[in-house]
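Visitor: What follows is entry-v5.cif, mmCIF, C-alpha atoms.
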data_coords
loop_
_atom_site.group_PDB
_atom_site.id
_atom_site.type_symbol
_atom_site.label_atom_id
_atom_site.label_comp_id
_atom_site.auth_asym_id
_atom_site.auth_seq_id
_atom_site.Cartn_x
_atom_site.Cartn_y
_atom_site.Cartn_z
ATOM 1 C CA GLU J 1432 -10.206 30.400 -9.195
ATOM 2 C CA GLU J 1433 -8.666 27.624 -7.083
ATOM 3 C CA LEU J 1434 -8.979 24.024 -8.169
ATOM 4 C CA TYR J 1435 -8.916 22.788 -4.605
ATOM 5 C CA PRO J 1436 -10.420 25.507 -2.328
ATOM 6 C CA THR J 1437 -9.815 25.185 1.383
ATOM 7 C CA HIS J 1438 -13.133 26.846 2.132
ATOM 8 C CA VAL J 1439 -16.470 26.761 0.359
ATOM 9 C CA PRO J 1440 -18.764 29.822 0.671
ATOM 10 C CA GLY J 1441 -21.513 29.115 3.145
ATOM 11 C CA SER J 1442 -19.572 26.469 5.037
ATOM 12 C CA PRO J 1443 -17.972 27.053 8.452
ATOM 13 C CA GLU J 1444 -14.359 28.163 8.586
ATOM 14 C CA LEU J 1445 -11.861 25.480 9.563
ATOM 15 C CA SER J 1446 -11.048 25.597 13.230
ATOM 16 C CA ALA J 1447 -7.535 26.183 14.478
ATOM 17 C CA SER J 1448 -8.009 23.416 17.046
ATOM 18 C CA PRO J 1449 -6.274 20.132 16.085
ATOM 19 C CA MET J 1450 -9.138 18.093 17.560
ATOM 20 C CA ALA J 1451 -11.671 20.140 15.612
ATOM 21 C CA ASN J 1452 -9.705 19.613 12.434
ATOM 22 C CA LEU J 1453 -9.619 15.864 13.200
ATOM 23 C CA SER J 1454 -13.377 15.731 13.663
ATOM 24 C CA GLU J 1455 -13.918 17.749 10.495
ATOM 25 C CA ALA J 1456 -11.729 15.342 8.545
ATOM 26 C CA LEU J 1457 -13.741 12.393 9.851
ATOM 27 C CA LEU J 1458 -17.200 13.901 9.266
ATOM 28 C CA PRO J 1459 -18.785 12.450 6.100
ATOM 29 C CA ASP J 1460 -21.129 15.444 5.570
ATOM 30 C CA ARG J 1461 -18.421 18.066 5.518
ATOM 31 C CA LYS J 1462 -19.268 20.787 2.996
ATOM 32 C CA ALA J 1463 -15.713 21.660 2.051
ATOM 33 C CA THR J 1464 -14.065 19.731 -0.748
ATOM 34 C CA TRP J 1465 -12.728 16.371 0.362
ATOM 35 C CA PHE J 1466 -9.133 16.752 -0.792
ATOM 36 C CA GLU J 1467 -7.252 19.873 0.187
ATOM 37 C CA PRO J 1468 -3.700 20.902 -0.726
ATOM 38 C CA ARG J 1469 -2.330 20.260 2.754
ATOM 39 C CA SER J 1470 -0.519 17.041 1.910
ATOM 40 C CA ALA J 1471 2.944 18.048 0.717
ATOM 41 C CA VAL J 1472 5.041 16.189 -1.796
ATOM 42 C CA ARG J 1473 6.772 14.531 1.160
ATOM 43 C CA ALA J 1474 3.493 12.952 2.248
ATOM 44 C CA ALA J 1475 2.827 11.794 -1.310
ATOM 45 C CA TYR J 1476 6.274 10.181 -1.419
ATOM 46 C CA ILE J 1477 5.625 8.363 1.869
ATOM 47 C CA ASN J 1478 2.197 7.091 0.830
ATOM 48 C CA SER J 1479 3.443 6.006 -2.599
ATOM 49 C CA VAL J 1480 6.509 4.218 -1.247
ATOM 50 C CA LYS J 1481 4.374 2.492 1.380
ATOM 51 C CA SER J 1482 1.944 1.278 -1.289
ATOM 52 C CA VAL J 1483 4.817 -0.387 -3.186
ATOM 53 C CA PHE J 1484 7.020 -1.526 -0.279
ATOM 54 C CA GLY J 1485 4.156 -3.460 1.261
ATOM 55 C CA THR J 1486 3.587 -6.864 2.745
ATOM 56 C CA GLY J 1487 3.603 -8.493 -0.705
ATOM 57 C CA LEU J 1488 7.390 -8.248 -0.532
ATOM 58 C CA LEU J 1489 7.325 -10.941 2.159
ATOM 59 C CA ALA J 1490 6.150 -13.543 -0.381
ATOM 60 C CA LEU J 1491 8.455 -12.519 -3.225
ATOM 61 C CA PRO J 1492 11.582 -14.503 -2.132
ATOM 62 C CA SER J 1493 9.615 -17.756 -2.144
ATOM 63 C CA ALA J 1494 8.104 -16.915 -5.520
ATOM 64 C CA ILE J 1495 11.570 -16.286 -6.981
ATOM 65 C CA LEU J 1496 12.818 -19.577 -5.557
ATOM 66 C CA ALA J 1497 9.875 -21.413 -7.120
ATOM 67 C CA VAL J 1498 10.171 -19.976 -10.630
ATOM 68 C CA GLY J 1499 13.981 -19.660 -10.673
ATOM 69 C CA ALA J 1500 16.239 -16.640 -10.333
ATOM 70 C CA PRO J 1501 16.593 -15.688 -14.044
ATOM 71 C CA ALA J 1502 12.863 -15.721 -14.740
ATOM 72 C CA GLY J 1503 12.102 -14.267 -11.304
ATOM 73 C CA CYS J 1504 14.329 -11.245 -11.895
ATOM 74 C CA LEU J 1505 12.784 -10.598 -15.306
ATOM 75 C CA LEU J 1506 9.198 -11.018 -14.093
ATOM 76 C CA THR J 1507 9.789 -8.824 -11.038
ATOM 77 C CA ALA J 1508 11.102 -6.013 -13.231
ATOM 78 C CA LEU J 1509 8.190 -6.376 -15.661
ATOM 79 C CA CYS J 1510 5.545 -6.437 -12.906
ATOM 80 C CA GLY J 1511 7.091 -3.440 -11.175
ATOM 81 C CA ILE J 1512 7.476 -1.272 -14.261
ATOM 82 C CA TRP J 1513 4.039 -2.224 -15.588
ATOM 83 C CA SER J 1514 2.346 -1.413 -12.268
ATOM 84 C CA ILE J 1515 4.091 1.950 -11.962
ATOM 85 C CA TYR J 1516 3.282 2.816 -15.577
ATOM 86 C CA THR J 1517 -0.420 2.093 -15.046
ATOM 87 C CA MET J 1518 -0.335 4.259 -11.917
ATOM 88 C CA GLN J 1519 0.963 7.055 -14.146
ATOM 89 C CA LEU J 1520 -1.922 6.403 -16.548
ATOM 90 C CA LEU J 1521 -4.329 6.905 -13.664
ATOM 91 C CA ALA J 1522 -2.634 10.189 -12.772
ATOM 92 C CA TRP J 1523 -3.023 11.375 -16.369
ATOM 93 C CA CYS J 1524 -6.704 10.375 -16.233
ATOM 94 C CA VAL J 1525 -7.134 12.533 -13.138
ATOM 95 C CA ASP J 1526 -5.588 15.486 -14.990
ATOM 96 C CA ALA J 1527 -7.907 14.895 -17.946
ATOM 97 C CA ALA J 1528 -10.950 14.720 -15.676
ATOM 98 C CA VAL J 1529 -10.011 17.952 -13.900
ATOM 99 C CA ALA J 1530 -9.439 19.644 -17.268
ATOM 100 C CA ALA J 1531 -12.936 18.509 -18.288
ATOM 101 C CA GLY J 1532 -14.397 20.176 -15.211
ATOM 102 C CA VAL J 1533 -14.758 17.049 -13.046
ATOM 103 C CA THR J 1534 -12.697 16.416 -9.906
ATOM 104 C CA PRO J 1535 -13.048 12.715 -8.954
ATOM 105 C CA LYS J 1536 -12.827 12.102 -5.234
ATOM 106 C CA SER J 1537 -11.770 8.468 -5.590
ATOM 107 C CA TYR J 1538 -10.709 5.749 -8.009
ATOM 108 C CA GLY J 1539 -14.366 4.694 -8.310
ATOM 109 C CA GLU J 1540 -15.513 8.169 -9.320
ATOM 110 C CA LEU J 1541 -12.715 8.394 -11.867
ATOM 111 C CA CYS J 1542 -13.884 5.111 -13.430
ATOM 112 C CA LEU J 1543 -17.491 6.338 -13.406
ATOM 113 C CA HIS J 1544 -16.508 9.529 -15.196
ATOM 114 C CA SER J 1545 -14.193 7.785 -17.673
ATOM 115 C CA LEU J 1546 -16.084 4.550 -18.399
ATOM 116 C CA GLY J 1547 -19.685 5.507 -17.797
ATOM 117 C CA ARG J 1548 -22.270 3.957 -15.493
ATOM 118 C CA THR J 1549 -21.605 0.330 -16.435
ATOM 119 C CA GLY J 1550 -17.855 0.694 -16.152
ATOM 120 C CA GLY J 1551 -18.252 2.552 -12.882
ATOM 121 C CA LEU J 1552 -20.418 -0.206 -11.397
ATOM 122 C CA LEU J 1553 -17.987 -2.904 -12.495
ATOM 123 C CA SER J 1554 -15.115 -0.896 -11.054
ATOM 124 C CA ALA J 1555 -16.937 -0.376 -7.758
ATOM 125 C CA GLY J 1556 -17.674 -4.100 -7.461
ATOM 126 C CA ASN J 1557 -14.084 -4.995 -8.240
ATOM 127 C CA MET J 1558 -12.751 -2.502 -5.696
ATOM 128 C CA LEU J 1559 -15.171 -3.711 -3.029
ATOM 129 C CA VAL J 1560 -14.163 -7.353 -3.418
ATOM 130 C CA SER J 1561 -10.475 -6.464 -3.650
ATOM 131 C CA GLN J 1562 -10.430 -4.224 -0.583
ATOM 132 C CA LEU J 1563 -12.534 -6.572 1.543
ATOM 133 C CA ALA J 1564 -10.258 -9.490 0.652
ATOM 134 C CA CYS J 1565 -7.176 -7.395 1.390
ATOM 135 C CA CYS J 1566 -8.510 -6.191 4.752
ATOM 136 C CA ALA J 1567 -9.636 -9.690 5.698
ATOM 137 C CA THR J 1568 -6.192 -11.081 4.878
ATOM 138 C CA TYR J 1569 -4.471 -8.402 6.939
ATOM 139 C CA LEU J 1570 -6.814 -8.863 9.893
ATOM 140 C CA VAL J 1571 -6.182 -12.619 9.874
ATOM 141 C CA PHE J 1572 -2.435 -11.907 9.768
ATOM 142 C CA ILE J 1573 -2.767 -9.608 12.798
ATOM 143 C CA GLY J 1574 -5.001 -12.084 14.612
ATOM 144 C CA ASP J 1575 -2.628 -15.000 14.076
ATOM 145 C CA ASN J 1576 0.501 -13.126 15.136
ATOM 146 C CA VAL J 1577 -0.838 -11.061 18.042
ATOM 147 C CA GLY J 1578 -2.963 -13.952 19.262
ATOM 148 C CA GLN J 1579 0.076 -16.219 19.345
ATOM 149 C CA LEU J 1580 2.176 -13.598 21.142
ATOM 150 C CA LEU J 1581 -0.471 -12.789 23.778
ATOM 151 C CA GLY J 1582 -1.891 -16.277 24.104
ATOM 152 C CA VAL J 1583 -5.442 -15.219 23.215
ATOM 153 C CA PRO J 1584 -7.790 -16.477 20.485
ATOM 154 C CA LYS J 1585 -7.116 -14.796 17.154
ATOM 155 C CA GLU J 1586 -10.837 -14.112 16.698
ATOM 156 C CA ARG J 1587 -10.796 -11.895 19.782
ATOM 157 C CA VAL J 1588 -7.874 -9.894 18.422
ATOM 158 C CA MET J 1589 -9.617 -9.422 15.078
ATOM 159 C CA LEU J 1590 -12.810 -8.243 16.757
ATOM 160 C CA CYS J 1591 -10.880 -5.738 18.857
ATOM 161 C CA VAL J 1592 -9.031 -4.308 15.877
ATOM 162 C CA THR J 1593 -11.930 -4.121 13.391
ATOM 163 C CA PRO J 1594 -13.851 -1.132 14.921
ATOM 164 C CA PHE J 1595 -10.729 1.022 14.677
ATOM 165 C CA PHE J 1596 -10.603 0.543 10.915
ATOM 166 C CA VAL J 1597 -14.359 0.993 10.500
ATOM 167 C CA LEU J 1598 -13.997 4.440 12.075
ATOM 168 C CA LEU J 1599 -11.325 5.325 9.520
ATOM 169 C CA CYS J 1600 -13.783 4.722 6.667
ATOM 170 C CA TRP J 1601 -14.907 8.323 7.182
ATOM 171 C CA LEU J 1602 -11.424 9.755 6.830
ATOM 172 C CA ARG J 1603 -11.396 12.186 3.913
ATOM 173 C CA ASP J 1604 -8.057 13.990 4.284
ATOM 174 C CA LEU J 1605 -5.120 11.934 3.037
ATOM 175 C CA SER J 1606 -2.559 14.258 4.617
ATOM 176 C CA MET J 1607 -3.593 12.948 8.040
ATOM 177 C CA LEU J 1608 -2.211 9.522 7.062
ATOM 178 C CA GLU J 1609 1.348 10.819 6.759
ATOM 179 C CA PRO J 1610 2.382 9.899 10.366
ATOM 180 C CA THR J 1611 0.866 6.407 10.234
ATOM 181 C CA SER J 1612 2.283 5.783 6.772
ATOM 182 C CA ALA J 1613 5.745 6.778 7.959
ATOM 183 C CA ILE J 1614 5.491 4.536 11.042
ATOM 184 C CA GLY J 1615 4.213 1.574 9.027
ATOM 185 C CA THR J 1616 6.967 1.942 6.448
ATOM 186 C CA ALA J 1617 9.642 2.233 9.163
ATOM 187 C CA VAL J 1618 8.389 -0.880 10.980
ATOM 188 C CA LEU J 1619 8.263 -2.882 7.757
ATOM 189 C CA LEU J 1620 11.775 -1.741 6.870
ATOM 190 C CA LEU J 1621 13.013 -2.809 10.321
ATOM 191 C CA ALA J 1622 11.488 -6.271 9.929
ATOM 192 C CA LEU J 1623 12.893 -6.706 6.421
ATOM 193 C CA LEU J 1624 16.391 -5.660 7.495
ATOM 194 C CA THR J 1625 16.223 -8.032 10.458
ATOM 195 C CA VAL J 1626 15.322 -10.936 8.172
ATOM 196 C CA LEU J 1627 18.211 -10.029 5.877
ATOM 197 C CA GLY J 1628 20.621 -9.692 8.805
ATOM 198 C CA GLU J 1629 19.613 -13.074 10.216
ATOM 199 C CA GLY J 1630 20.162 -14.661 6.811
ATOM 200 C CA LEU J 1631 23.622 -13.122 6.531
ATOM 201 C CA ALA J 1632 24.539 -14.232 10.058
ATOM 202 C CA SER J 1633 23.344 -17.812 9.554
ATOM 203 C CA PRO J 1634 23.237 -18.585 5.830
ATOM 204 C CA HIS J 1635 21.464 -21.765 4.808
ATOM 205 C CA GLU J 1636 22.434 -24.240 2.150
ATOM 206 C CA ALA J 1637 21.911 -22.880 -1.348
ATOM 207 C CA ALA J 1638 18.923 -24.208 -3.283
ATOM 208 C CA PRO J 1639 19.965 -25.762 -6.641
ATOM 209 C CA ARG J 1640 16.525 -25.045 -8.113
ATOM 210 C CA LEU J 1641 17.213 -21.316 -7.815
ATOM 211 C CA ALA J 1642 19.165 -21.466 -11.075
ATOM 212 C CA SER J 1643 16.475 -23.487 -12.886
ATOM 213 C CA PHE J 1644 13.195 -22.482 -14.500
ATOM 214 C CA ASP J 1645 9.754 -23.854 -13.615
ATOM 215 C CA PRO J 1646 7.072 -22.768 -16.144
ATOM 216 C CA SER J 1647 4.269 -23.879 -13.805
ATOM 217 C CA ALA J 1648 5.357 -21.235 -11.263
ATOM 218 C CA VAL J 1649 5.065 -18.314 -13.695
ATOM 219 C CA ALA J 1650 1.356 -17.638 -13.165
ATOM 220 C CA PRO J 1651 1.566 -17.689 -9.331
ATOM 221 C CA PHE J 1652 4.630 -15.458 -9.531
ATOM 222 C CA ILE J 1653 2.800 -12.855 -11.614
ATOM 223 C CA GLY J 1654 0.044 -12.788 -8.993
ATOM 224 C CA VAL J 1655 2.562 -12.221 -6.204
ATOM 225 C CA GLY J 1656 4.521 -9.699 -8.265
ATOM 226 C CA LEU J 1657 1.511 -7.568 -9.155
ATOM 227 C CA PHE J 1658 0.264 -7.681 -5.561
ATOM 228 C CA THR J 1659 3.691 -6.535 -4.368
ATOM 229 C CA PHE J 1660 3.697 -3.422 -6.525
ATOM 230 C CA THR J 1661 0.012 -2.559 -6.507
ATOM 231 C CA GLY J 1662 -0.820 0.941 -5.329
ATOM 232 C CA HIS J 1663 -3.508 1.898 -7.798
ATOM 233 C CA ASP J 1664 -6.347 2.226 -5.301
ATOM 234 C CA SER J 1665 -4.561 5.131 -3.598
ATOM 235 C CA THR J 1666 -3.244 6.847 -6.739
ATOM 236 C CA VAL J 1667 -6.230 9.161 -7.230
ATOM 237 C CA ALA J 1668 -6.251 10.187 -3.581
ATOM 238 C CA VAL J 1669 -2.492 10.795 -3.535
ATOM 239 C CA VAL J 1670 -2.588 12.886 -6.726
ATOM 240 C CA LEU J 1671 -5.457 15.055 -5.520
ATOM 241 C CA SER J 1672 -3.919 15.468 -2.073
ATOM 242 C CA MET J 1673 -0.922 17.168 -3.706
ATOM 243 C CA GLY J 1674 -3.121 20.053 -4.834
ATOM 244 C CA GLU J 1675 -1.398 22.413 -7.242
ATOM 245 C CA ARG J 1676 1.785 20.332 -7.036
ATOM 246 C CA LYS J 1677 0.136 17.200 -8.402
ATOM 247 C CA GLY J 1678 2.246 17.505 -11.540
ATOM 248 C CA GLU J 1679 5.196 16.321 -9.439
ATOM 249 C CA TYR J 1680 3.599 12.900 -9.003
ATOM 250 C CA SER J 1681 5.404 11.739 -12.144
ATOM 251 C CA SER J 1682 8.754 12.339 -10.460
ATOM 252 C CA ILE J 1683 7.648 10.146 -7.542
ATOM 253 C CA LEU J 1684 6.774 7.306 -9.911
ATOM 254 C CA LEU J 1685 10.053 7.765 -11.773
ATOM 255 C CA ALA J 1686 11.941 7.356 -8.496
ATOM 256 C CA LEU J 1687 9.953 4.208 -7.713
ATOM 257 C CA ALA J 1688 10.630 2.768 -11.167
ATOM 258 C CA THR J 1689 14.367 3.475 -11.152
ATOM 259 C CA ALA J 1690 15.234 2.783 -7.521
ATOM 260 C CA GLY J 1691 12.275 1.057 -5.867
ATOM 261 C CA VAL J 1692 11.971 -1.863 -8.292
ATOM 262 C CA GLY J 1693 15.710 -2.524 -8.098
ATOM 263 C CA VAL J 1694 15.756 -2.471 -4.291
ATOM 264 C CA ILE J 1695 12.802 -4.859 -4.048
ATOM 265 C CA LEU J 1696 14.321 -7.252 -6.582
ATOM 266 C CA ALA J 1697 17.719 -7.213 -4.858
ATOM 267 C CA TYR J 1698 16.156 -7.877 -1.458
ATOM 268 C CA ALA J 1699 13.936 -10.737 -2.612
ATOM 269 C CA LEU J 1700 16.777 -12.386 -4.519
ATOM 270 C CA ALA J 1701 19.163 -12.028 -1.572
ATOM 271 C CA CYS J 1702 16.660 -13.685 0.795
ATOM 272 C CA ALA J 1703 16.074 -16.543 -1.655
ATOM 273 C CA VAL J 1704 19.835 -17.126 -1.880
ATOM 274 C CA LEU J 1705 20.516 -16.818 1.876
ATOM 275 C CA TYR J 1706 17.643 -19.011 3.090
ATOM 276 C CA GLY J 1707 17.726 -21.512 0.218
ATOM 277 C CA ASP J 1708 15.233 -24.336 0.573
ATOM 278 C CA GLU J 1709 14.279 -22.961 4.001
ATOM 279 C CA THR J 1710 12.592 -19.993 2.314
ATOM 280 C CA GLN J 1711 8.945 -19.972 3.383
ATOM 281 C CA GLY J 1712 5.927 -18.503 1.616
ATOM 282 C CA ASN J 1713 6.138 -15.733 4.201
ATOM 283 C CA ILE J 1714 9.815 -14.924 4.653
ATOM 284 C CA LEU J 1715 9.216 -14.077 8.330
ATOM 285 C CA LEU J 1716 8.495 -17.748 8.983
ATOM 286 C CA SER J 1717 12.051 -18.566 7.900
ATOM 287 C CA VAL J 1718 13.409 -16.853 11.028
ATOM 288 C CA ASP J 1719 13.440 -19.011 14.178
ATOM 289 C CA GLY J 1720 13.633 -18.325 17.905
ATOM 290 C CA GLY J 1721 12.773 -15.276 19.969
ATOM 291 C CA LEU J 1722 13.652 -12.988 17.093
ATOM 292 C CA ALA J 1723 10.695 -14.361 15.156
ATOM 293 C CA ALA J 1724 8.306 -13.256 17.920
ATOM 294 C CA GLY J 1725 9.617 -9.704 17.743
ATOM 295 C CA LEU J 1726 9.324 -9.709 13.987
ATOM 296 C CA LYS J 1727 5.734 -10.905 14.150
ATOM 297 C CA ALA J 1728 4.882 -8.119 16.578
ATOM 298 C CA CYS J 1729 6.547 -5.509 14.364
ATOM 299 C CA MET J 1730 4.858 -6.809 11.235
ATOM 300 C CA SER J 1731 1.463 -6.871 12.964
ATOM 301 C CA VAL J 1732 1.898 -3.158 13.647
ATOM 302 C CA SER J 1733 3.019 -2.550 10.075
ATOM 303 C CA VAL J 1734 0.099 -4.503 8.617
ATOM 304 C CA ALA J 1735 -2.327 -2.652 10.875
ATOM 305 C CA LEU J 1736 -0.986 0.663 9.598
ATOM 306 C CA SER J 1737 -1.106 -0.669 6.025
ATOM 307 C CA LEU J 1738 -4.865 -0.866 6.345
ATOM 308 C CA LEU J 1739 -4.870 2.896 6.708
#
Have the structure of the file written as C-alpha cells, please.

Guide:
Amino acid sequence: EELYPTHVPGSPELSASPMANLSEALLPDRKATWFEPRSAVRAAYINSVKSVFGTGLLALPSAILAVGAPAGCLLTALCGIWSIYTMQLLAWCVDAAVAAGVTPKSYGELCLHSLGRTGGLLSAGNMLVSQLACCATYLVFIGDNVGQLLGVPKERVMLCVTPFFVLLCWLRDLSMLEPTSAIGTAVLLLALLTVLGEGLASPHEAAPRLASFDPSAVAPFIGVGLFTFTGHDSTVAVVLSMGERKGEYSSILLALATAGVGVILAYALACAVLYGDETQGNILLSVDGGLAAGLKACMSVSVALSLL
C-alpha cells in the first residue's frame, strides 16, 4: 500500500491538462492527499537551498563587522550547523509520525501530533506571528524598492502585490514551486555576486573594528544568524514532497552543512572586509549609483519569490 497515493478511491482522476492540474493544486477541498511524490530530489534541493540562501544573508556582513570577524565566523558556523541539525530533527519526527500511522501535512500538524493540543496551539500561534511578520517585512521591502524605482507610493505597490500571495495560500503541491524557487535563487545569486564584484572593483578602507570583539553585538548577531539559516517552516513540506525518496533529505542537509555554511560565511566576511565601515545593515545599500537601482529591482523579484 502506497504511503503517498496519487489517487484516492472515489475522487476524480487527475486531469492531463496543465491548467486543470493547476486548479486542482489550488483547490482547498481536493480529496486526494495534499503531498504527492511528484517533487523530485532536485526540487527538494532547490527549495532547501533557497530557504538557507535567503535575504537574511544581506544583513550578515554588517553583523560580522559589528561583533568582529573572529566571533562572527564562529557564531555563523554555530548558527548554521545548529539550524541544519534541527531541520534534520524535524525530518526524523516526520518519519516517526508516518511510522505511527500519521502523515502530517504541515509543521503545525506535526507539532500537534508530537506535542499534543497545547503544544500544537502554541506552535500554531508562533508560526502565525512569525510568518505574518516575515511576509510584512518582505512586502515593505518590495514596496520601498519598487516604489522608489517607479516613483509611486510604496503602499500602492504593497496593495497590488498582496492579492497574488493570498491566492497562493491555497497551494498544496510543493512541486509547483520548483520554477519560482529556482528563479528566486538565481536572482538572489546575481545580486549577491554583483555586490561582491562592486566591492572588488572599488574596495573601501578596511575597518579596524573587524578584528576586535564587541560582546554587546553577540545577541543581535545570533538573531541575524538564525534568521539567515532558518528553513524549518518548509522542512515538513519538503520531506513529504519527496515521497518514497524522502530518506535522501539527510544528504541535502549534509550538503548544506558542509558547503552551504562555508559559502555563506566566506561571502559575508568578504563583504565586511571589502566595504569596511561603509557596510550597511542591508549590504545592497552599500552599492551606489545606477547599479544600486538594478540590484533593488532584482532583489524585489527575489523577495517576492521568497514569499512563495

Visitor: Using only C-alpha atoms, which residue out of J:Val1525, J:Leu1541, J:Leu1685, J:Leu1590 lies closest to Val1670 of chain J?

Guide: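 Smallest separation from Val1670 of chain J among the options: J:Val1525.
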
Visitor: What is the atom CA of Met1558 of chain J to atom CA of Ala1668 of chain J distance in Å?

Guide: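 Atom CA of Met1558 of chain J sits 14.4 Å away from atom CA of Ala1668 of chain J.
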
Visitor: Taking only C-alpha atoms into account, which of J:Ala1531, J:Val1718, J:Ile1515, J:Ala1642 comes nearest Val1626 of chain J?

Guide: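 With only C-alpha atoms as the atom set, the closest residue is J:Val1718.
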
Visitor: When you count all atoms listed in the file, which of these residues is closest to Phe1652 of chain J: J:Gly1503, J:Gly1532, J:Gly1578, J:Gly1556?

Guide: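 Smallest distance to Phe1652 of chain J is found for J:Gly1503.
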
Visitor: Could you give me, as a PyMOL selection string, the residues that sit within 8 Å of (11.6, -18.0, -1.6) in the file's coordinates, counting only C-alpha atoms?

Guide: chain J and resi 1490-1497+1699+1702-1703+1706-1712+1714

Visitor: Store the residues picked out above, limited to C-alpha atoms, as a tab-separated table (two decimals), in the frame of the given file.

Guide:
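Wrote part-v3.tsv, looks like this:
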chain	number	residue	atom	x	y	z
J	1490	ALA	CA	6.15	-13.54	-0.38
J	1491	LEU	CA	8.46	-12.52	-3.22
J	1492	PRO	CA	11.58	-14.50	-2.13
J	1493	SER	CA	9.62	-17.76	-2.14
J	1494	ALA	CA	8.10	-16.92	-5.52
J	1495	ILE	CA	11.57	-16.29	-6.98
J	1496	LEU	CA	12.82	-19.58	-5.56
J	1497	ALA	CA	9.88	-21.41	-7.12
J	1699	ALA	CA	13.94	-10.74	-2.61
J	1702	CYS	CA	16.66	-13.68	0.80
J	1703	ALA	CA	16.07	-16.54	-1.66
J	1706	TYR	CA	17.64	-19.01	3.09
J	1707	GLY	CA	17.73	-21.51	0.22
J	1708	ASP	CA	15.23	-24.34	0.57
J	1709	GLU	CA	14.28	-22.96	4.00
J	1710	THR	CA	12.59	-19.99	2.31
J	1711	GLN	CA	8.94	-19.97	3.38
J	1712	GLY	CA	5.93	-18.50	1.62
J	1714	ILE	CA	9.82	-14.92	4.65

Visitor: Residues at most 12 Å from Val1694 of chain J, counting all atoms listed in the file, excluding those fewer than 2 positions away in the same chain, as a PyMOL selection string?

Guide: chain J and resi 1480+1483-1484+1488+1504+1507-1508+1511+1620+1623+1686-1692+1696-1701

Visitor: Near segment 1572-1575 of chain J, within 12 Å and counting only C-alpha atoms, which residues show up once chain neighbours fewer than 6 positions away are dropped, as a PyMOL selection string?

Guide: chain J and resi 1486+1565-1566+1581-1593+1713+1715+1724+1727-1738

Visitor: Which residues would end up in the selection if the PyMOL selection byres ((chain J and resi 1519) around 12) were applied here, given that I need the answer as a VMD selection string?

Guide: chain J and resid 1479 1512 to 1518 1520 to 1526 1662 to 1663 1666 to 1667 1669 to 1670 1677 to 1685 1687 to 1688
